[in-house]
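File shown: protein.txt. Contents: compact mmCIF, C-alpha atoms.
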```
# COMPACT_ATOMS: atom_id res chain seq x y z
CA MET H 10 9.24 -15.83 -69.80
CA ASP H 11 7.95 -18.28 -72.33
CA ILE H 12 9.15 -21.29 -70.43
CA VAL H 13 7.46 -20.02 -67.26
CA VAL H 14 4.10 -19.83 -69.04
CA ASN H 15 4.63 -23.29 -70.52
CA MET H 16 5.54 -24.77 -67.17
CA SER H 17 2.52 -23.26 -65.42
CA SER H 18 0.24 -24.48 -68.21
CA THR H 19 1.64 -27.99 -67.84
CA LEU H 20 1.17 -27.80 -64.08
CA CYS H 21 -2.45 -26.68 -64.44
CA LEU H 22 -3.22 -29.42 -66.97
CA LEU H 23 -1.57 -32.03 -64.74
CA LEU H 24 -3.52 -30.91 -61.67
CA GLY H 25 -6.78 -30.86 -63.63
CA SER H 26 -6.18 -34.34 -65.01
CA PHE H 27 -5.40 -35.65 -61.54
CA LEU H 28 -8.56 -34.12 -60.09
CA CYS H 29 -10.68 -35.51 -62.91
CA LEU H 30 -9.17 -38.97 -62.45
CA SER H 31 -9.79 -38.87 -58.69
CA GLY H 32 -13.39 -37.87 -59.37
CA GLY H 33 -13.72 -40.79 -61.78
CA VAL H 34 -12.42 -43.21 -59.18
CA GLY H 35 -14.83 -41.61 -56.72
CA ILE H 36 -17.88 -42.12 -58.91
CA ILE H 37 -16.97 -45.79 -59.22
CA ARG H 38 -16.12 -46.54 -55.60
CA PHE H 39 -18.28 -44.33 -53.38
CA PRO H 40 -21.12 -46.20 -51.66
CA ASP H 41 -24.03 -43.80 -51.97
CA PHE H 42 -25.69 -41.45 -54.43
CA TYR H 43 -24.97 -38.33 -52.40
CA THR H 44 -21.30 -39.17 -51.91
CA ARG H 45 -20.98 -39.83 -55.63
CA MET H 46 -22.45 -36.40 -56.18
CA HIS H 47 -19.61 -34.96 -54.11
CA ALA H 48 -17.04 -36.73 -56.32
CA VAL H 49 -18.67 -35.34 -59.46
CA GLY H 50 -18.69 -31.83 -57.95
CA VAL H 51 -14.91 -31.91 -57.55
CA THR H 52 -14.37 -32.70 -61.23
CA ASP H 53 -16.93 -30.15 -62.38
CA THR H 54 -15.48 -27.15 -60.59
CA LEU H 55 -11.77 -27.46 -59.89
CA GLY H 56 -10.88 -30.13 -62.46
CA ALA H 57 -12.57 -28.38 -65.38
CA GLY H 58 -11.32 -24.99 -64.15
CA MET H 59 -7.71 -26.13 -63.97
CA ILE H 60 -7.80 -27.72 -67.43
CA LEU H 61 -9.40 -24.65 -68.98
CA ILE H 62 -6.90 -22.32 -67.27
CA GLY H 63 -4.08 -24.52 -68.58
CA LEU H 64 -5.48 -24.20 -72.09
CA MET H 65 -5.78 -20.44 -71.64
CA LEU H 66 -2.11 -20.14 -70.72
CA LEU H 67 -1.15 -22.19 -73.76
CA ASN H 68 -2.63 -19.82 -76.33
CA PRO H 69 -1.84 -16.11 -76.75
CA ASP H 70 -4.76 -15.44 -79.09
CA GLY H 71 -7.42 -13.11 -77.70
CA LEU H 72 -10.59 -14.64 -79.10
CA VAL H 73 -9.66 -18.14 -77.97
CA ILE H 74 -9.09 -16.91 -74.42
CA ILE H 75 -12.49 -15.21 -74.44
CA LYS H 76 -14.17 -18.42 -75.62
CA LEU H 77 -12.38 -20.45 -72.95
CA LEU H 78 -13.46 -17.91 -70.33
CA MET H 79 -17.04 -18.28 -71.56
CA ILE H 80 -16.83 -22.06 -71.17
CA LEU H 81 -15.34 -21.65 -67.68
CA VAL H 82 -17.99 -19.21 -66.51
CA MET H 83 -20.78 -21.33 -67.99
CA THR H 84 -19.43 -24.46 -66.30
CA LEU H 85 -19.19 -22.65 -62.97
CA PHE H 86 -22.79 -21.46 -63.27
CA ILE H 87 -24.36 -24.58 -64.77
CA SER H 88 -22.82 -27.32 -62.65
CA PRO H 89 -24.08 -26.16 -59.20
CA VAL H 90 -27.57 -25.54 -60.59
CA ALA H 91 -27.78 -29.02 -62.11
CA SER H 92 -26.35 -30.63 -58.95
CA HIS H 93 -28.82 -28.75 -56.76
CA ALA H 94 -31.78 -29.77 -58.90
CA LEU H 95 -30.64 -33.38 -58.98
CA ALA H 96 -30.04 -33.62 -55.22
CA LYS H 97 -33.34 -31.95 -54.43
CA ALA H 98 -35.25 -34.26 -56.78
CA ALA H 99 -33.56 -37.30 -55.24
CA PHE H 100 -34.22 -36.16 -51.67
CA ARG H 101 -37.85 -35.31 -52.31
CA ASN H 102 -38.38 -38.72 -53.89
CA ASP H 103 -37.31 -40.58 -50.73
CA LEU H 104 -33.78 -41.55 -51.60
CA VAL H 105 -32.40 -41.77 -48.06
CA PRO H 106 -28.71 -41.01 -47.49
CA GLU H 107 -26.60 -43.92 -46.31
CA SER H 108 -25.71 -42.41 -42.90
CA ASP H 109 -29.36 -41.80 -41.97
CA ARG H 110 -30.21 -45.33 -43.01
CA ASN H 111 -27.56 -46.83 -40.74
CA GLU H 112 -28.71 -44.61 -37.87
CA ASN H 113 -32.28 -45.78 -38.17
CA LYS H 114 -31.24 -49.41 -38.42
CA GLY H 115 -29.62 -49.36 -34.96
CA GLY H 116 -32.50 -48.06 -32.88
CA THR H 117 -36.05 -46.86 -33.13
CA GLU H 118 -35.40 -43.27 -32.12
CA SER H 119 -35.60 -40.90 -35.01
CA SER H 120 -32.57 -38.89 -35.97
CA SER H 121 -32.52 -35.24 -35.08
CA SER H 122 -32.90 -32.47 -37.67
CA MET O 6 0.94 -32.78 -72.06
CA LEU O 7 -2.22 -32.15 -74.05
CA ILE O 8 -2.27 -35.78 -75.15
CA ALA O 9 -1.95 -36.99 -71.55
CA ALA O 10 -4.80 -34.75 -70.41
CA THR O 11 -6.94 -36.02 -73.29
CA ILE O 12 -6.28 -39.62 -72.34
CA ALA O 13 -7.11 -38.84 -68.69
CA ILE O 14 -10.42 -37.27 -69.71
CA LEU O 15 -11.21 -40.30 -71.88
CA VAL O 16 -10.57 -42.64 -68.95
CA VAL O 17 -12.84 -40.52 -66.74
CA MET O 18 -15.56 -40.67 -69.39
CA ILE O 19 -15.30 -44.46 -69.49
CA MET O 20 -15.64 -44.55 -65.68
CA ALA O 21 -18.71 -42.30 -65.83
CA ILE O 22 -20.39 -44.46 -68.43
CA ILE O 23 -19.67 -47.59 -66.35
CA ARG O 24 -21.52 -45.94 -63.46
CA GLY O 25 -24.30 -45.04 -65.87
CA PHE O 26 -24.75 -48.67 -66.86
CA VAL O 27 -24.28 -50.17 -63.38
CA GLY O 28 -25.93 -47.47 -61.28
CA PRO O 29 -28.50 -48.96 -58.91
CA THR O 30 -30.86 -46.01 -58.84
CA LEU O 31 -32.16 -43.73 -61.55
CA TYR O 32 -30.38 -40.75 -60.03
CA ASP O 33 -27.00 -42.41 -60.36
CA ARG O 34 -27.62 -42.73 -64.08
CA ILE O 35 -28.63 -39.08 -64.40
CA LEU O 36 -25.54 -38.04 -62.44
CA ALA O 37 -23.32 -40.17 -64.66
CA VAL O 38 -24.82 -38.65 -67.80
CA ASN O 39 -24.27 -35.17 -66.37
CA MET O 40 -20.63 -35.93 -65.64
CA PHE O 41 -20.23 -37.47 -69.09
CA GLY O 42 -21.52 -34.29 -70.72
CA THR O 43 -19.23 -32.04 -68.70
CA LYS O 44 -16.25 -34.18 -69.57
CA THR O 45 -17.27 -34.10 -73.24
CA VAL O 46 -16.97 -30.31 -73.16
CA LEU O 47 -13.44 -30.63 -71.80
CA LEU O 48 -12.58 -33.34 -74.33
CA ILE O 49 -13.76 -31.24 -77.28
CA SER O 50 -11.71 -28.23 -76.17
CA LEU O 51 -8.62 -30.37 -75.56
CA LEU O 52 -8.99 -32.09 -78.94
CA GLY O 53 -9.27 -28.71 -80.62
CA PHE O 54 -5.91 -27.75 -79.15
CA VAL O 55 -4.35 -31.11 -80.02
CA MET O 56 -5.38 -30.80 -83.65
CA GLY O 57 -4.41 -27.13 -83.78
CA ARG O 58 -7.92 -25.94 -84.57
CA PRO O 59 -9.32 -23.93 -81.63
CA GLU O 60 -12.54 -23.32 -83.57
CA PHE O 61 -13.80 -26.44 -81.82
CA LEU O 62 -14.47 -24.25 -78.78
CA ASP O 63 -17.74 -23.06 -80.32
CA ILE O 64 -18.95 -26.66 -80.36
CA ALA O 65 -17.87 -27.02 -76.75
CA ILE O 66 -19.95 -23.98 -75.71
CA VAL O 67 -23.01 -25.35 -77.49
CA TYR O 68 -22.48 -28.76 -75.92
CA ALA O 69 -22.34 -27.27 -72.41
CA LEU O 70 -25.67 -25.52 -72.95
CA ILE O 71 -27.33 -28.63 -74.43
CA ASN O 72 -26.09 -30.72 -71.49
CA PHE O 73 -27.58 -28.32 -68.95
CA ILE O 74 -30.93 -28.13 -70.72
CA SER O 75 -31.13 -31.92 -71.04
CA ILE O 76 -30.49 -32.47 -67.32
CA ILE O 77 -33.05 -29.85 -66.28
CA GLY O 78 -35.49 -31.26 -68.84
CA VAL O 79 -35.24 -34.76 -67.44
CA LEU O 80 -35.58 -33.52 -63.86
CA HIS O 81 -38.68 -31.60 -64.83
CA PHE O 82 -40.50 -34.93 -64.85
CA SER O 83 -39.36 -35.82 -61.33
CA ASP O 84 -42.93 -35.52 -60.01
CA SER O 85 -43.95 -38.67 -61.89
CA THR O 86 -44.11 -42.05 -60.22
CA VAL O 87 -41.19 -43.43 -62.20
CA PHE O 88 -38.88 -41.25 -60.15
CA ARG O 89 -40.38 -42.36 -56.84
CA HIS O 90 -37.73 -44.22 -54.86
CA ASP O 91 -38.58 -47.09 -52.54
CA PRO O 92 -37.26 -46.16 -49.06
CA HIS O 93 -36.48 -49.77 -48.22
CA ASP O 94 -34.35 -50.23 -51.30
CA THR O 95 -30.80 -49.53 -50.17
CA GLY O 96 -29.58 -48.18 -53.49
CA SER O 97 -25.99 -48.65 -52.38
CA THR O 98 -23.30 -50.85 -53.79
CA LYS O 99 -22.23 -51.97 -50.34
CA LYS O 100 -23.11 -55.55 -49.50
CA GLU O 101 -25.54 -56.16 -46.66
CA SER O 102 -23.64 -57.78 -43.82
```
Take the structure in the file and give it back as structure tokens.
Amino acid sequence: MDIVVNMSSTLCLLLGSFLCLSGGVGIIRFPDFYTRMHAVGVTDTLGAGMILIGLMLLNPDGLVIIKLLMILVMTLFISPVASHALAKAAFRNDLVPESDRNENKGGTESSSS
Amino acid sequence: MLIAATIAILVVMIMAIIRGFVGPTLYDRILAVNMFGTKTVLLISLLGFVMGRPEFLDIAIVYALINFISIIGVLHFSDSTVFRHDPHDTGSTKKES
């Protein structure tokens, strides 16, 4: 029983580390602000969640699990709100996404929607 | 395994701070700082488990709240002209061909 919990904790930590690393590569290599925001969103939700769940499995103490759950819930509430505010501020201040820019460069007709 | 996850989070933090220094637009820098703060929360909790002192989780909770308030506080000024982005500036790292 103990080794099953240890193995699942290791698996969760490994998956979380991989997702965080892929998000880090994404924030370096993606071409646009909005695509970089997508890479950060992956690390904020699933990467942080997997690492925190792995830590929860590692510790049988009750209070520690409650604190980790608080961090998880706060991350899941805070990160979408901050991302939404940031994307809305960027879009309202005329930061054009890369795909729209390429569309407008080809012809004079305006893009739909 | 905890050590490996800690090292991975440290590498991700270095990547985020590189984007914060390089970032062509202001929003890239804000995004990088946001990611840096979130990863700091994870790093503090992981370091608490590595050192065998899970009391560090209180600091992680406080850090998550401070990070959120700082991002919202900066974006509260997004009406000012400093945040205004020039539409002709590409703001991308891709080279113009």
Compile the residues of chain H that lie within 6 Å of chain O, evaluated using all atoms listed in the file, and express the compilation as a CSV table (one decimal) with C-alpha atoms, keeping the file's coordinate frame.
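After the write, result35.csv holds the following:
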```
chain,number,residue,atom,x,y,z
H,26,SER,CA,-6.2,-34.3,-65.0
H,30,LEU,CA,-9.2,-39.0,-62.4
H,33,GLY,CA,-13.7,-40.8,-61.8
H,40,PRO,CA,-21.1,-46.2,-51.7
H,41,ASP,CA,-24.0,-43.8,-52.0
H,80,ILE,CA,-16.8,-22.1,-71.2
H,102,ASN,CA,-38.4,-38.7,-53.9
H,103,ASP,CA,-37.3,-40.6,-50.7
H,104,LEU,CA,-33.8,-41.6,-51.6
```
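Between atom CA of Arg38 of chain H and atom CA of Thr52 of chain H the interatomic distance comes to 15.0 Å.
Atom pair atom CA of Val55 of chain O / atom CA of Val82 of chain H: separated by 22.6 Å.
Distance-wise, atom CA of Thr45 of chain O and atom CA of His93 of chain H end up 20.8 Å apart.
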For Leu64 of chain H, the nearest of the candidates H:Val51, H:Cys29, H:Ala99, H:Leu23, counting only C-alpha atoms | H:Leu23
